[in-house]
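Visitor: Dropping the structure in here first, questions after.
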Amino acid sequence: MGDWGGYLSLILQGALVTAKLTVMGCALALVVAFIAGLGRVSRFAAIRWLATAYIEFFRGTSIFVQLFWVYFVLPFAGVTLEPIQAGIMALGLNVGAYAAEVVRGAILSVPRDQYEACIAVNLTRFQRMRHVIFPQALPLMLPTFGNNAIELLKGTAVVSLISLHDMTFQAQVVRAQTGSTLIPFATILVLYFLMALALSRAIRMIETRITRGLDGVR
Amino acid sequence: MIRIDNLVKSFGTFKVLDGLSFDVMPGEKLALIGPSGSGKTTILRILMTLESISDGHIEICGDQLYHMQRNGREVPADEAHLHKMRSHIGMVFQHFNLFPHKSVLENITLAPILTKGTPRAKAEARAMELLEMVGLADKADARPAQLSGGQKQRVAIARALALQPRIMLFDEVTSALDPELVEEVLLVMKRLAAETDMTMLLVTHEMGFAHEFADRVLFFDKGRIVEQGPPEQIFSNPREERTQSFLRKIIAAGHRV
Amino acid sequence: MIRIDNLVKSFGTFKVLDGLSFDVMPGEKLALIGPSGSGKTTILRILMTLESISDGHIEICGDQLYHMQRNGREVPADEAHLHKMRSHIGMVFQHFNLFPHKSVLENITLAPILTKGTPRAKAEARAMELLEMVGLADKADARPAQLSGGQKQRVAIARALALQPRIMLFDEVTSALDPELVEEVLLVMKRLAAETDMTMLLVTHEMGFAHEFADRVLFFDKGRIVEQGPPEQIFSNPREERTQSFLRKIIAAGHRV
Amino acid sequence: DTLEDLKGQGFARIAIANEPPYTAVAADGTVSGAAPDVAREVFKRLGVGDVVASISEYGAMIPGLQAKRFDAITAGLFMKPERCAAVAYSEPVLCDAEAFLLPAGNPKGFKSFADIAADPEAKIGAPGGGTEEKLALDAGVPRERVIVVPDGQSGLKMLQDGRIDVYSLPVLSISDLMKKAEDPNLEMFAPVEGAPVYCDGAAFRKQDTALRDAFDVELAKMKESGEFAKIVEPYGFSAAAAMSTSRAKLCGE
Amino acid sequence: MEWDWAFVWQIMPTLLAGLKLTLLVTLLAAVVAAVLGLALAILRRSGNRAVARGTAALSEFIRGTPLLVQLYFIFYVLPDIGIRLPALLAGVIGMGLHYATYTAEVYRAGIENVPRGQWEAARATNLTMRQTWVHVIVPQAVPPMIPVLANYLIAMFKETPLLSAITVLELMNQAKSVANTYYRYIEPMTLVGVFFLAMSLVSVVFLRVLEARFGRMAK
Ligand SMILES: Nc1ncnc2c1ncn2[C@@H]1O[C@H](COP(=O)(O)OP(=O)(O)OP(=O)(O)O)[C@@H](O)[C@H]1O
Ligand SMILES: Nc1ncnc2c1ncn2[C@@H]1O[C@H](COP(=O)(O)OP(=O)(O)OP(=O)(O)O)[C@@H](O)[C@H]1O
Ligand SMILES: [Mg+2]
Ligand SMILES: [Mg+2]
């Protein structure tokens, strides 16, 4: 059972898939989080209701069930996604639902005073959001977004369910080939942790950039 | 300039303002005083359209504030009407409510640029004039967090003035300030009162300042006007028992009238 | 009673108190005044052992506060020593800091029961006396959240008194209160000053009250005593330029001295 | 028609399980194993140049086929009447008997699924939704003593760790596991008494019978020419066994 | 594939058995997480630098890596060093440990959210450290934590399907097994989804109640 080099490269291929799923999943999650999070604070009841339904559904059912549906049931409705697309979609929509609540929370935690100041200087609703509320809410969201991103990274491990060759899946392949459990799984544990570290570093960097010059604000 | 007619405001079952009526002449400086919870802030917030009203009418510069005509019938005002009416009014808050993520200059120019389409260069020139007036020209690029309370409040006044409102509302603009910083803000306001013909409504616990500043003082209690008149009369010779006891307590607490 | 000797306190590289020395006689009522940031609060917090000191000595009721003897050598005080020393001192805070999850009565009895082992019945009887004194006997079972600011502060005073300290520290106890509520708290303090021989240190911006209350006034600036003396002298006839300008600003802001 | 589509795109998508010697993935990621090798050859003859394999859990194979995730399953999925109702099988490809993986010396003397049912302490490991799980349940082993094991390596490990008393898979799968484990404390018992010999076939969607029939034609030709034997026998399978039975028999049609 | 109600009723008992096990695992793991999290929170506040740092690093590692892989480790690798846990126990410990790193954060935040003034008032009334914790800090820190902790309970419930990797026959695993036996997937998987959704909608209501009861108390 030599050939560890080959097995390592198999795991690294998996790491690439995991990284891709994480990055694309985060991108999708970010987009839907803003749409749904803003939808939650919309003044139109229908939009609020839609956003709430989306959020409660995706937070309510398990990622496993969602993955199964996207991959095995959507094709019956005529939508056949590539496994990687299905993975990105399930992860993105799932984590997006959690992040949407973060967006909403951050927007609501901008003090009422600021809304009132906007009315007093006669800004329109859109101007209020665009120039005053949102810029202040963003720094509040970032730390939690960082946690969400790591949750998503960890979530990629379950996509082996839909035969995506991510890192966990490849570790299982290696295990089946070599009969060793310790080595492949220890390897990927370390790799996952390095990726998580990279993610939190990246978020912290963005955070310091955005909050630069805002020190002492809160 | 302002005509308030039978105004009622309830929070749930609690009537804060109960059939209030009074007029304000153009250019008049009005001080609203009274015990905590008497509804002074509520009146200003209603004029700034930060609260809705429960009943009654308010007329500003000849137009209804909370009502408008549609097909010859009076209907509640929509957002567009409120937006138009708000352009007559500016407000300065107790806690300044500056935008913390914008510089002092941006705080002042934001609204003129966005709501009136003033070109940036012109808005900035005007903002510098206002900063000059409140004595903060050198702070144009500072962030609010870098200012003292008194400086923040002066910027807030400049921000409200930048929209050139015809009516200015001041709600306890010095009560969040350290005593040493109160003076600088009051000085700016005195100059403003002397130099412009803006209509001004001032809520304050600084009786001394109310005395100097106002043409007329309204004493409120429980959402009603108990007594009104020129400051000399209210402060030196109040008729109502409630007014007398209020002023006595304030004096005992160490404030000069 | 209190002897402060060459006290230094730094936060990082910033020296808040810089070689401060003064004594307080038993039963003396001392007012500490001065501009914001001059270190008044810091002194009280150090006396209450809420901050550590950087250098110097403090003696209270004849014992070192931050130092103790061990094997004939002076060493930094341990928690047991601090615990013993703290029993001489009570403090009332600007923001009351009542325990929100306990009733008014429990707020007052908690410490006597826990730290002195006073039997519950006795502690409650004494607490009721204190509530009587501050005029709140009917609020014994209320929660702090149900009280007005002035009432909260009176409860806080009763809580501090329940431990029968020989020194009481008051840090701007009225500055978080609505003006109308200030009076009730000051009344309680005046009675206290008149009726007990406790040593009292008071930080305040209410110059009028400082005048009436204090035997001696200390004017601070930048962590040093600029001027001290009886209130008549400090308020009517300050010697130092810094004191004069401070008082001028306070007066201009509408406060009576 | 599906065959034309496959020819057009140049490859067919197959589901495999990574359970040597039926299906295997090498260190470099290439797919081998008896089932995919046969499928690759047949598809080539049908004019479909290549096969693209997805590794899948057994449980996810049939839903994946129905959801058009794959065009065929070539994973050692044995023919049984219920399965024949769900998918369209080709003629038999790989045949194998059931085996037990046991501690050396078979201390409890298990020879059949009924023996396991009779021992109130014994726990048997089997793949979830696989033939062995069903055989065990049918023999009367209660649910809580049938441990659903996710994959062969996990089953082996659980047996070594004493978590299960016996692990059941087809003969060739067990012998492959033993070869890799090189563990003298283990032994294989085969064939399991009373358990039928099963054969798999390539499985297609129900509506793709035309593709299945075309597959059968080429498969039959390979069986006759001996090329079939050349592919499967190096893996340890018996070509004769596959040729001696038929789909009709195995599906109980 | 048609929806088949008769089939739904046929498989319902099996799925309910899975649901029961899922709930059991969730609750046991929650207890482990609550207790272990407290231990982690205390260790992180430890005066000993090395202990505090080590705990922080370990927590971060556990939080940064997938539970699935951790479960594999506990179940398949630990026996090599002589620790052989039954599947259920391994699952409870794995999940409990993973979520303990989250609850530790909740405890920390809860304690830090008690205003400084409360510590100082306790000091000014000369309470000892122990008395301060028991009578002042804990009673104020705990109520706001409760909704947050309940949230993690729900999250754990939804992660139980991972336990199928270590042979625990929970809801998802039962559903897969049923599906593989009858070659019908839509019904069991949809039912699992419905179960999860129903449970989480119930718990949302329950959470709102908790929030209304405890969330506001801290002021
Ligand atoms: N949003 C609200 N919901 C319910 N009650 C409110 C609300 N806003 C104000 N009130 C109540 O209305 C009454 C009047 O409040 P208002 O703030 O106008 O008093 P005020 O005269 O400005 O007092 P102060 O001097 O303390 O500022 C108070 O009793 C207050 O509790
Ligand atoms: N924990 C701390 N860390 C750093 N600096 C501090 C801290 N506490 C106080 N300071 C600084 O020490 C100085 C003195 O503070 P202190 O609160 O004693 O002033 P004060 O005289 O009570 O002022 P005020 O009238 O505003 O209450 C201030 O400049 C303050 O910023
Ligand atoms: Mg007010
Ligand atoms: Mg202070």
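In the structure tokens, chains take letters A, B, ... by order of appearance, with residues numbered from 1 within each chain and ligands from 1 in the order shown.
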Using only C-alpha atoms, which protein or nucleic acid residues come within 10 Å of Glu106 in chain C? Drop anything in the same chain fewer than 3 positions from it, and give the result as an MDAnalysis selection string.
Guide: chainID C and resid 99 101:103 109:111 113 123:124 127 140:143 159
Visitor: Those residues with all heavy atoms, as a compact mmCIF listing (two decimals), in the first residue's frame please?
Guide:
# COMPACT_ATOMS: atom_id res chain seq x y z
N PHE C 99 -28.70 46.22 42.24
CA PHE C 99 -28.81 44.87 41.67
C PHE C 99 -30.21 44.70 41.09
O PHE C 99 -31.19 44.64 41.85
CB PHE C 99 -28.53 43.82 42.75
CG PHE C 99 -27.19 43.99 43.42
CD1 PHE C 99 -27.06 43.98 44.79
CD2 PHE C 99 -26.04 44.17 42.65
CE1 PHE C 99 -25.82 44.14 45.41
CE2 PHE C 99 -24.79 44.33 43.26
CZ PHE C 99 -24.69 44.32 44.63
N HIS C 101 -31.91 42.37 39.82
CA HIS C 101 -32.69 41.15 40.02
C HIS C 101 -33.14 40.99 41.46
O HIS C 101 -33.74 39.98 41.81
CB HIS C 101 -31.86 39.94 39.60
CG HIS C 101 -30.56 39.83 40.34
ND1 HIS C 101 -29.59 40.81 40.29
CD2 HIS C 101 -30.08 38.89 41.16
CE1 HIS C 101 -28.57 40.46 41.04
NE2 HIS C 101 -28.84 39.29 41.58
N LYS C 102 -32.87 41.97 42.30
CA LYS C 102 -33.27 41.87 43.70
C LYS C 102 -34.20 43.01 44.05
O LYS C 102 -34.12 44.10 43.46
CB LYS C 102 -32.03 41.93 44.61
CG LYS C 102 -31.00 40.86 44.30
CD LYS C 102 -30.40 40.30 45.56
CE LYS C 102 -29.49 39.13 45.29
NZ LYS C 102 -30.17 37.83 45.43
N SER C 103 -35.07 42.79 45.03
CA SER C 103 -35.98 43.84 45.47
C SER C 103 -35.17 44.92 46.20
O SER C 103 -34.00 44.73 46.52
CB SER C 103 -37.05 43.28 46.39
OG SER C 103 -36.47 42.98 47.65
N THR C 109 -30.23 44.52 52.25
CA THR C 109 -29.86 43.52 53.26
C THR C 109 -28.79 42.55 52.79
O THR C 109 -28.14 41.90 53.60
CB THR C 109 -31.10 42.70 53.70
OG1 THR C 109 -31.67 42.10 52.54
CG2 THR C 109 -32.13 43.57 54.39
N LEU C 110 -28.62 42.43 51.48
CA LEU C 110 -27.70 41.42 50.95
C LEU C 110 -26.32 41.46 51.61
O LEU C 110 -25.84 40.47 52.16
CB LEU C 110 -27.55 41.59 49.42
CG LEU C 110 -26.69 40.53 48.73
CD1 LEU C 110 -27.42 39.20 48.71
CD2 LEU C 110 -26.33 40.95 47.31
N ALA C 111 -25.70 42.63 51.57
CA ALA C 111 -24.33 42.72 52.07
C ALA C 111 -24.24 42.51 53.59
O ALA C 111 -23.40 41.73 54.04
CB ALA C 111 -23.72 44.06 51.66
N ILE C 113 -26.08 40.73 55.53
CA ILE C 113 -26.27 39.31 55.82
C ILE C 113 -25.04 38.52 55.40
O ILE C 113 -24.54 37.68 56.16
CB ILE C 113 -27.54 38.80 55.11
CG1 ILE C 113 -28.79 39.44 55.71
CG2 ILE C 113 -27.62 37.28 55.22
CD1 ILE C 113 -30.07 39.10 54.98
N ALA C 123 -31.27 42.52 59.95
CA ALA C 123 -30.86 43.27 58.76
C ALA C 123 -32.07 43.94 58.12
O ALA C 123 -32.00 45.10 57.68
CB ALA C 123 -30.19 42.33 57.76
N GLU C 124 -33.20 43.23 58.13
CA GLU C 124 -34.39 43.82 57.49
C GLU C 124 -34.94 44.97 58.32
O GLU C 124 -35.39 45.98 57.76
CB GLU C 124 -35.45 42.74 57.25
CG GLU C 124 -34.98 41.77 56.16
CD GLU C 124 -36.05 40.77 55.74
OE1 GLU C 124 -37.09 40.68 56.43
OE2 GLU C 124 -35.83 40.09 54.73
N ALA C 127 -32.78 47.83 57.59
CA ALA C 127 -33.03 48.31 56.22
C ALA C 127 -34.29 49.15 56.19
O ALA C 127 -34.35 50.19 55.52
CB ALA C 127 -33.14 47.12 55.26
N ALA C 140 -40.22 49.03 49.64
CA ALA C 140 -39.32 47.95 50.04
C ALA C 140 -39.39 46.74 49.10
O ALA C 140 -38.38 46.10 48.82
CB ALA C 140 -39.63 47.51 51.47
N ASP C 141 -40.58 46.44 48.60
CA ASP C 141 -40.71 45.23 47.79
C ASP C 141 -40.63 45.49 46.29
O ASP C 141 -40.76 44.57 45.49
CB ASP C 141 -42.03 44.53 48.12
CG ASP C 141 -42.02 44.04 49.57
OD1 ASP C 141 -40.93 43.63 50.02
OD2 ASP C 141 -43.07 44.11 50.23
N ALA C 142 -40.43 46.75 45.91
CA ALA C 142 -40.36 47.06 44.48
C ALA C 142 -39.01 46.59 43.91
O ALA C 142 -38.05 46.33 44.66
CB ALA C 142 -40.50 48.56 44.27
N ARG C 143 -38.97 46.42 42.61
CA ARG C 143 -37.70 46.16 41.93
C ARG C 143 -37.10 47.51 41.50
O ARG C 143 -37.84 48.43 41.19
CB ARG C 143 -37.93 45.35 40.65
CG ARG C 143 -38.51 44.01 40.88
CD ARG C 143 -37.45 42.94 40.73
NE ARG C 143 -37.91 41.72 41.35
CZ ARG C 143 -37.14 40.67 41.55
NH1 ARG C 143 -35.87 40.69 41.17
NH2 ARG C 143 -37.61 39.59 42.12
N ARG C 159 -28.33 51.53 50.72
CA ARG C 159 -27.54 50.31 50.63
C ARG C 159 -26.13 50.53 51.18
O ARG C 159 -25.59 49.70 51.93
CB ARG C 159 -27.46 49.83 49.18
CG ARG C 159 -26.66 48.56 49.04
CD ARG C 159 -26.68 48.02 47.63
NE ARG C 159 -25.94 48.91 46.71
CZ ARG C 159 -25.79 48.65 45.42
NH1 ARG C 159 -26.34 47.57 44.89
NH2 ARG C 159 -25.12 49.48 44.64
Visitor: May I have the residues within 12 Å of Asp3 in chain A as a list in words, using only C-alpha atoms and disregarding those fewer than 3 positions away in the same chain?
Guide: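 The neighbour list is Gly6, Tyr7, Leu8, Ser9, Leu10, Val174, Gln177 and Thr178 of chain A; Ala26, Ala27 and Asp28 of chain D.
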Visitor: Emit the selected residues as a PDB file, in the first residue's frame, including all heavy atoms.
Guide:
ATOM      1  N   GLY A   6       0.535   9.609  -4.190  1.00  0.00           N
ATOM      2  CA  GLY A   6      -0.696   9.589  -4.987  1.00  0.00           C
ATOM      3  C   GLY A   6      -1.915   9.877  -4.120  1.00  0.00           C
ATOM      4  O   GLY A   6      -2.795  10.664  -4.494  1.00  0.00           O
ATOM      5  N   TYR A   7      -1.935   9.238  -2.945  1.00  0.00           N
ATOM      6  CA  TYR A   7      -3.093   9.458  -2.072  1.00  0.00           C
ATOM      7  C   TYR A   7      -3.157  10.895  -1.602  1.00  0.00           C
ATOM      8  O   TYR A   7      -4.231  11.487  -1.511  1.00  0.00           O
ATOM      9  CB  TYR A   7      -3.030   8.504  -0.878  1.00  0.00           C
ATOM     10  CG  TYR A   7      -3.206   7.070  -1.290  1.00  0.00           C
ATOM     11  CD1 TYR A   7      -2.289   6.091  -0.955  1.00  0.00           C
ATOM     12  CD2 TYR A   7      -4.319   6.698  -2.059  1.00  0.00           C
ATOM     13  CE1 TYR A   7      -2.460   4.779  -1.354  1.00  0.00           C
ATOM     14  CE2 TYR A   7      -4.498   5.388  -2.461  1.00  0.00           C
ATOM     15  CZ  TYR A   7      -3.564   4.424  -2.116  1.00  0.00           C
ATOM     16  OH  TYR A   7      -3.742   3.145  -2.512  1.00  0.00           O
ATOM     17  N   LEU A   8      -1.969  11.459  -1.315  1.00  0.00           N
ATOM     18  CA  LEU A   8      -1.961  12.840  -0.871  1.00  0.00           C
ATOM     19  C   LEU A   8      -2.525  13.744  -1.958  1.00  0.00           C
ATOM     20  O   LEU A   8      -3.313  14.651  -1.704  1.00  0.00           O
ATOM     21  CB  LEU A   8      -0.536  13.267  -0.496  1.00  0.00           C
ATOM     22  CG  LEU A   8      -0.467  14.681   0.084  1.00  0.00           C
ATOM     23  CD1 LEU A   8      -1.219  14.754   1.411  1.00  0.00           C
ATOM     24  CD2 LEU A   8       0.972  15.128   0.281  1.00  0.00           C
ATOM     25  N   SER A   9      -2.130  13.446  -3.197  1.00  0.00           N
ATOM     26  CA  SER A   9      -2.615  14.324  -4.265  1.00  0.00           C
ATOM     27  C   SER A   9      -4.123  14.162  -4.416  1.00  0.00           C
ATOM     28  O   SER A   9      -4.836  15.100  -4.754  1.00  0.00           O
ATOM     29  CB  SER A   9      -1.876  14.047  -5.575  1.00  0.00           C
ATOM     30  OG  SER A   9      -2.525  13.038  -6.286  1.00  0.00           O
ATOM     31  N   LEU A  10      -4.620  12.948  -4.136  1.00  0.00           N
ATOM     32  CA  LEU A  10      -6.067  12.745  -4.168  1.00  0.00           C
ATOM     33  C   LEU A  10      -6.751  13.653  -3.148  1.00  0.00           C
ATOM     34  O   LEU A  10      -7.750  14.319  -3.424  1.00  0.00           O
ATOM     35  CB  LEU A  10      -6.352  11.268  -3.833  1.00  0.00           C
ATOM     36  CG  LEU A  10      -7.587  10.639  -4.441  1.00  0.00           C
ATOM     37  CD1 LEU A  10      -7.530  10.710  -5.955  1.00  0.00           C
ATOM     38  CD2 LEU A  10      -7.692   9.178  -4.000  1.00  0.00           C
ATOM     39  N   VAL A 174      -9.296   7.153   0.178  1.00  0.00           N
ATOM     40  CA  VAL A 174      -7.955   6.744   0.587  1.00  0.00           C
ATOM     41  C   VAL A 174      -8.038   5.671   1.670  1.00  0.00           C
ATOM     42  O   VAL A 174      -7.301   4.692   1.660  1.00  0.00           O
ATOM     43  CB  VAL A 174      -7.151   7.962   1.101  1.00  0.00           C
ATOM     44  CG1 VAL A 174      -5.837   7.523   1.716  1.00  0.00           C
ATOM     45  CG2 VAL A 174      -6.913   8.933  -0.039  1.00  0.00           C
ATOM     46  N   GLN A 177      -8.783   2.392   0.173  1.00  0.00           N
ATOM     47  CA  GLN A 177      -7.659   1.842  -0.569  1.00  0.00           C
ATOM     48  C   GLN A 177      -6.548   1.343   0.349  1.00  0.00           C
ATOM     49  O   GLN A 177      -5.914   0.345   0.066  1.00  0.00           O
ATOM     50  CB  GLN A 177      -7.067   2.905  -1.509  1.00  0.00           C
ATOM     51  CG  GLN A 177      -8.023   3.404  -2.550  1.00  0.00           C
ATOM     52  CD  GLN A 177      -8.477   2.294  -3.477  1.00  0.00           C
ATOM     53  OE1 GLN A 177      -7.718   1.387  -3.802  1.00  0.00           O
ATOM     54  NE2 GLN A 177      -9.736   2.347  -3.887  1.00  0.00           N
ATOM     55  N   THR A 178      -6.318   2.071   1.427  1.00  0.00           N
ATOM     56  CA  THR A 178      -5.140   1.774   2.236  1.00  0.00           C
ATOM     57  C   THR A 178      -5.471   1.034   3.521  1.00  0.00           C
ATOM     58  O   THR A 178      -4.600   0.439   4.130  1.00  0.00           O
ATOM     59  CB  THR A 178      -4.432   3.075   2.645  1.00  0.00           C
ATOM     60  OG1 THR A 178      -5.346   3.823   3.457  1.00  0.00           O
ATOM     61  CG2 THR A 178      -4.027   3.885   1.451  1.00  0.00           C
TER      62      THR A 178
ATOM     63  N   ALA D  26      -8.175   4.015  -7.993  1.00  0.00           N
ATOM     64  CA  ALA D  26      -6.754   3.921  -7.692  1.00  0.00           C
ATOM     65  C   ALA D  26      -6.266   5.229  -7.079  1.00  0.00           C
ATOM     66  O   ALA D  26      -6.981   6.225  -7.050  1.00  0.00           O
ATOM     67  CB  ALA D  26      -5.970   3.602  -8.963  1.00  0.00           C
ATOM     68  N   ALA D  27      -5.019   5.182  -6.589  1.00  0.00           N
ATOM     69  CA  ALA D  27      -4.449   6.351  -5.944  1.00  0.00           C
ATOM     70  C   ALA D  27      -4.462   7.573  -6.858  1.00  0.00           C
ATOM     71  O   ALA D  27      -4.598   8.704  -6.410  1.00  0.00           O
ATOM     72  CB  ALA D  27      -3.036   6.066  -5.473  1.00  0.00           C
ATOM     73  N   ASP D  28      -4.318   7.350  -8.161  1.00  0.00           N
ATOM     74  CA  ASP D  28      -4.299   8.494  -9.073  1.00  0.00           C
ATOM     75  C   ASP D  28      -5.709   8.913  -9.485  1.00  0.00           C
ATOM     76  O   ASP D  28      -5.885   9.752 -10.358  1.00  0.00           O
ATOM     77  CB  ASP D  28      -3.447   8.174 -10.314  1.00  0.00           C
ATOM     78  CG  ASP D  28      -4.026   6.995 -11.086  1.00  0.00           C
ATOM     79  OD1 ASP D  28      -5.061   6.441 -10.637  1.00  0.00           O
ATOM     80  OD2 ASP D  28      -3.452   6.647 -12.124  1.00  0.00           O
TER      81      ASP D  28
END
Visitor: Find the residues in chain A near chain D: any atom within 10 Å counts, using only C-alpha atoms. Write them as a PyMOL selection string.
Guide: chain A and resi 1-11+13+68+71-83+160-165+169-170+172-181
Visitor: Within 10 Å of ligand 3 (counting only C-alpha atoms and all ligand atoms), which residues show up? I'd like them as a PyMOL selection string.
Guide: chain B and resi 33-45+93-94+171-172+203-205
Visitor: Any chance you can output those residues with C-alpha atoms as an mmCIF file, in the first residue's frame?
Guide:
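Now in out.cif:
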data_model
loop_
_atom_site.group_PDB
_atom_site.id
_atom_site.type_symbol
_atom_site.label_atom_id
_atom_site.label_comp_id
_atom_site.auth_asym_id
_atom_site.auth_seq_id
_atom_site.Cartn_x
_atom_site.Cartn_y
_atom_site.Cartn_z
ATOM 1 C CA ILE B 33 -40.884 74.138 29.572
ATOM 2 C CA GLY B 34 -42.484 71.760 32.020
ATOM 3 C CA PRO B 35 -41.897 68.678 34.117
ATOM 4 C CA SER B 36 -40.540 65.432 32.773
ATOM 5 C CA GLY B 37 -43.116 63.462 30.795
ATOM 6 C CA SER B 38 -45.347 66.427 30.092
ATOM 7 C CA GLY B 39 -45.145 65.919 26.328
ATOM 8 C CA LYS B 40 -42.667 68.603 25.245
ATOM 9 C CA THR B 41 -40.498 66.256 23.236
ATOM 10 C CA THR B 42 -43.562 64.651 21.744
ATOM 11 C CA ILE B 43 -44.719 67.948 20.253
ATOM 12 C CA LEU B 44 -41.376 68.546 18.550
ATOM 13 C CA ARG B 45 -41.268 64.966 17.278
ATOM 14 C CA PHE B 93 -31.631 66.411 19.051
ATOM 15 C CA GLN B 94 -30.608 65.973 22.642
ATOM 16 C CA ASP B 171 -34.958 69.423 22.066
ATOM 17 C CA GLU B 172 -32.902 69.816 25.244
ATOM 18 C CA VAL B 203 -37.473 72.599 24.763
ATOM 19 C CA THR B 204 -35.148 73.117 27.692
ATOM 20 C CA HIS B 205 -34.550 72.738 31.382
#
Visitor: Show me, as a list in words, the residues that have an atom within 6 Å of Ala51 in chain A when counting only C-alpha atoms, minus same-chain residues fewer than 6 positions from it.
Guide: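 Listed by chain and then number, they are Ala36, Gly39 and Arg40 of chain A.
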Visitor: Near Thr115 in chain C, within 12 Å and counting only C-alpha atoms, which residues show up once chain neighbours fewer than 2 positions away are dropped, as a ChimeraX atom specification?
Guide: /C:83-84,86-87,109-113,117-119,123,162-163 /E:122-132
Visitor: Determine which residues of range 116-198 of chain C receive a DSSP assignment of strand (DSSP E), computed from the backbone, and state them as a list in words.
Guide: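 Result set for range 116-198 of chain C (strand (DSSP E)): Ile167, Met168, Leu169, Phe170 and Asp171 of chain C.
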Visitor: Mind the document's chain letters and residue numbers, and return as a PyMOL selection string the residues of range 42-188 of chain B that DSSP labels alpha helix (DSSP H).
Guide: chain B and resi 42-47+79-86+104-116+120-133+149-162+179-188
Visitor: Output C-alpha atoms for every residue in the selection just made, as a compact mmCIF listing (two decimals), in the first residue's frame.
Guide:
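Once everything was written out, this is out-v9.txt:
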# COMPACT_ATOMS: atom_id res chain seq x y z
CA THR B 42 -43.56 64.65 21.74
CA ILE B 43 -44.72 67.95 20.25
CA LEU B 44 -41.38 68.55 18.55
CA ARG B 45 -41.27 64.97 17.28
CA ILE B 46 -44.73 65.33 15.82
CA LEU B 47 -43.73 68.55 14.06
CA GLU B 79 -44.85 59.98 2.10
CA ALA B 80 -44.38 62.38 -0.83
CA HIS B 81 -46.39 65.08 0.93
CA LEU B 82 -44.48 64.57 4.19
CA HIS B 83 -41.23 64.73 2.27
CA LYS B 84 -42.23 68.08 0.82
CA MET B 85 -43.39 69.46 4.16
CA ARG B 86 -40.27 68.29 6.00
CA VAL B 104 -18.16 66.59 9.95
CA LEU B 105 -18.28 68.11 6.49
CA GLU B 106 -20.07 65.09 5.03
CA ASN B 107 -22.59 65.18 7.87
CA ILE B 108 -23.53 68.67 6.79
CA THR B 109 -23.42 68.25 3.01
CA LEU B 110 -25.11 64.83 2.79
CA ALA B 111 -28.69 66.05 2.89
CA PRO B 112 -28.35 69.13 0.63
CA ILE B 113 -26.63 67.02 -2.02
CA LEU B 114 -29.09 64.15 -1.81
CA THR B 115 -32.37 65.91 -1.17
CA LYS B 116 -31.93 69.19 -2.98
CA ARG B 120 -21.09 69.14 -4.13
CA ALA B 121 -18.82 72.16 -4.45
CA LYS B 122 -21.61 74.55 -3.56
CA ALA B 123 -22.81 72.38 -0.68
CA GLU B 124 -19.31 72.25 0.73
CA ALA B 125 -18.80 75.98 0.46
CA ARG B 126 -22.04 76.56 2.31
CA ALA B 127 -21.11 73.94 4.92
CA MET B 128 -17.82 75.72 5.55
CA GLU B 129 -19.70 78.97 6.10
CA LEU B 130 -21.92 77.24 8.64
CA LEU B 131 -18.94 75.65 10.37
CA GLU B 132 -17.37 79.07 10.50
CA MET B 133 -20.49 80.38 12.14
CA GLY B 149 -20.11 66.92 23.22
CA GLY B 150 -20.40 70.65 22.74
CA GLN B 151 -18.65 70.47 19.39
CA LYS B 152 -20.92 67.63 18.29
CA GLN B 153 -23.96 69.63 19.14
CA ARG B 154 -22.70 72.63 17.20
CA VAL B 155 -22.15 70.41 14.18
CA ALA B 156 -25.69 69.08 14.60
CA ILE B 157 -26.97 72.65 14.52
CA ALA B 158 -24.98 73.37 11.37
CA ARG B 159 -26.36 70.20 9.78
CA ALA B 160 -29.94 71.26 10.46
CA LEU B 161 -29.25 74.77 9.14
CA ALA B 162 -27.72 73.47 5.91
CA PRO B 179 -21.70 71.71 32.35
CA GLU B 180 -18.50 73.27 31.08
CA LEU B 181 -19.50 72.62 27.47
CA VAL B 182 -23.02 74.00 27.70
CA GLU B 183 -22.00 77.58 27.23
CA GLU B 184 -20.49 77.24 23.76
CA VAL B 185 -23.69 75.72 22.40
CA LEU B 186 -25.95 78.30 23.99
CA LEU B 187 -23.77 81.06 22.56
CA VAL B 188 -24.27 79.71 19.05
